[in-house]
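Report on the structure given below.
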Amino acid sequence: MDVREHQIVANDLSHHVVEWQPAGAPRGTVMLAHGFLDLAWSWRWFAEQLAAAGWRCLAWDWRGHGETEHVGKGGYYHFADYVLDLSELFASELFEASSPPHLVGHSMGGTISTMFAGLRADRLASLSLIEGIGPPTWPFERTPEKYEAWLRGMGKLKVRREREMPDLDAVLTRMRLQNPHLGDEKGRFLAEKSTRATPSGGRAWRFDRRHRTTSPMPFRVEVFGPFLERLTLPVLYVAGEKGFRVPDEGERLARLPTPPTVHELAGAGHMLHWEQPEALTRLWLDFVRGAEEA
């Protein structure tokens, strides 16, 4: 396969895109949307297997993640911004495809993909959500608490120095706090891609530090639900047995016009696209095969 990197301007920001091309003519295009504080390269092992099966894959770093630009001074990050980014990426020449592409979103990327697919379902072949059906809902009456936390967080950024780690080993140790089963080979690859070298010779995270603050906007199912109800395309939902599951997962899935294909991967945590890429690939290929035959 052939792996290439691109910079594509969407919504006035330069987005880093990784492309996996199969050896022969592609069967179709798969768009891969990563989650919060993740990056496009996290899809590597899943995308390599799809490319080996004949699929062209495109993964991008969301704004403020990886090698995509951060928002400017005074800016912040909201779901609507990501949806517009994806809309303009989708319309770019690189993302053009001879047939409607398949969209796969993990975690935050799944939430954004759901919103986008709810607006452009007729332009997509399918939607796959990898633990990406939205975060837990936030009580409306507690919205001021979100604003207070946001103000505190933004204030701390102005007085705290950027977090720097001495080397890639330290980065991997930090990553294992959230993902204790992250192996050395994958771990060092992700640690290198997730950070940049500092002038002092250390490593610093590539993502915008503003992502470490609490968003002021509460997530509400009343807003998200209508997007689910507009998903008039085949939908696959995959969760990890040990992943991050919302209490009303079943109720949200029940809002889809057509019952989705649902799977749980035994033993998998939240990052199942690189924890169990082989199993996820099999599920996705079976799902697409079934959708094409239906």
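Letters A, B, ... go to the chains of the structure tokens in the order shown; residues in each chain start at 1; ligands are counted from 1 in the same order.
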Test item: residues at most 12 Å from Phe189 (chain A), only C-alpha atoms, excluding those fewer than 3 positions along its chain, as a PyMOL selection string:
chain A and resi 39+41-45+168-169+171-172+175+182-186+192-195+274
Quick one: pick out all alpha helix (DSSP H) residues within region 40-151 of chain A from a backbone DSSP run and write them as a PyMOL selection string.
chain A and resi 44-52+79-90+108-120+143-151
If you take only C-alpha atoms and a cut-off of 10 Å, which residues of region 12-39 of chain A touch region 50-54 of chain A, and what are their nearest atom pairs and distances in Å to one decimal, in chain and number order, as a Markdown table?
| residue | atom | partner | partner_atom | distance |
| --- | --- | --- | --- | --- |
| A:Glu19 | CA | A:Ala51 | CA | 9.9 |
| A:Trp20 | CA | A:Ala51 | CA | 6.3 |
| A:Gln21 | CA | A:Ala51 | CA | 6.2 |
| A:Pro22 | CA | A:Ala51 | CA | 4.7 |
| A:Ala23 | CA | A:Gly54 | CA | 7.4 |
| A:Gly24 | CA | A:Gly54 | CA | 7.1 |
| A:Ala25 | CA | A:Gly54 | CA | 7.4 |
| A:Pro26 | CA | A:Gly54 | CA | 5.3 |
| A:Arg27 | CA | A:Gly54 | CA | 5.6 |
| A:Gly28 | CA | A:Gly54 | CA | 7.9 |
| A:Thr29 | CA | A:Gly54 | CA | 9.5 |
| A:Val30 | CA | A:Leu50 | CA | 8.6 |
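Minimum atom-to-atom distances from A:Gly269, A:Gly75, A:Pro216, A:Gly35 to Glu148 (chain A) were compared using only C-alpha atoms, and the lowest value belongs to A:Pro216.
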So what do you get for CA of Val71 (chain A) versus CA of Asp12 (chain A), distance-wise?
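Computing it gives 9.7 Å between the two atoms.
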Near region 224-229 of chain A, within 9 Å and counting only C-alpha atoms, which residues show up once chain neighbours fewer than 6 positions away are dropped, as a list in words?
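My list of contacting residues is Thr111, Thr114, Met115, Phe116, Ala117, Gly118, Leu119, Ile133, Gly134, Arg252, Leu253, Arg255, Leu256 and Pro257 of chain A.
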Measuring between only C-alpha atoms, which one of A:Thr198, A:Leu190, A:Trp205, A:Ser215 shows the shortest distance to Tyr76 (chain A)?
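Residue with the minimum atom-to-atom distance to Tyr76 (chain A): A:Ser215.
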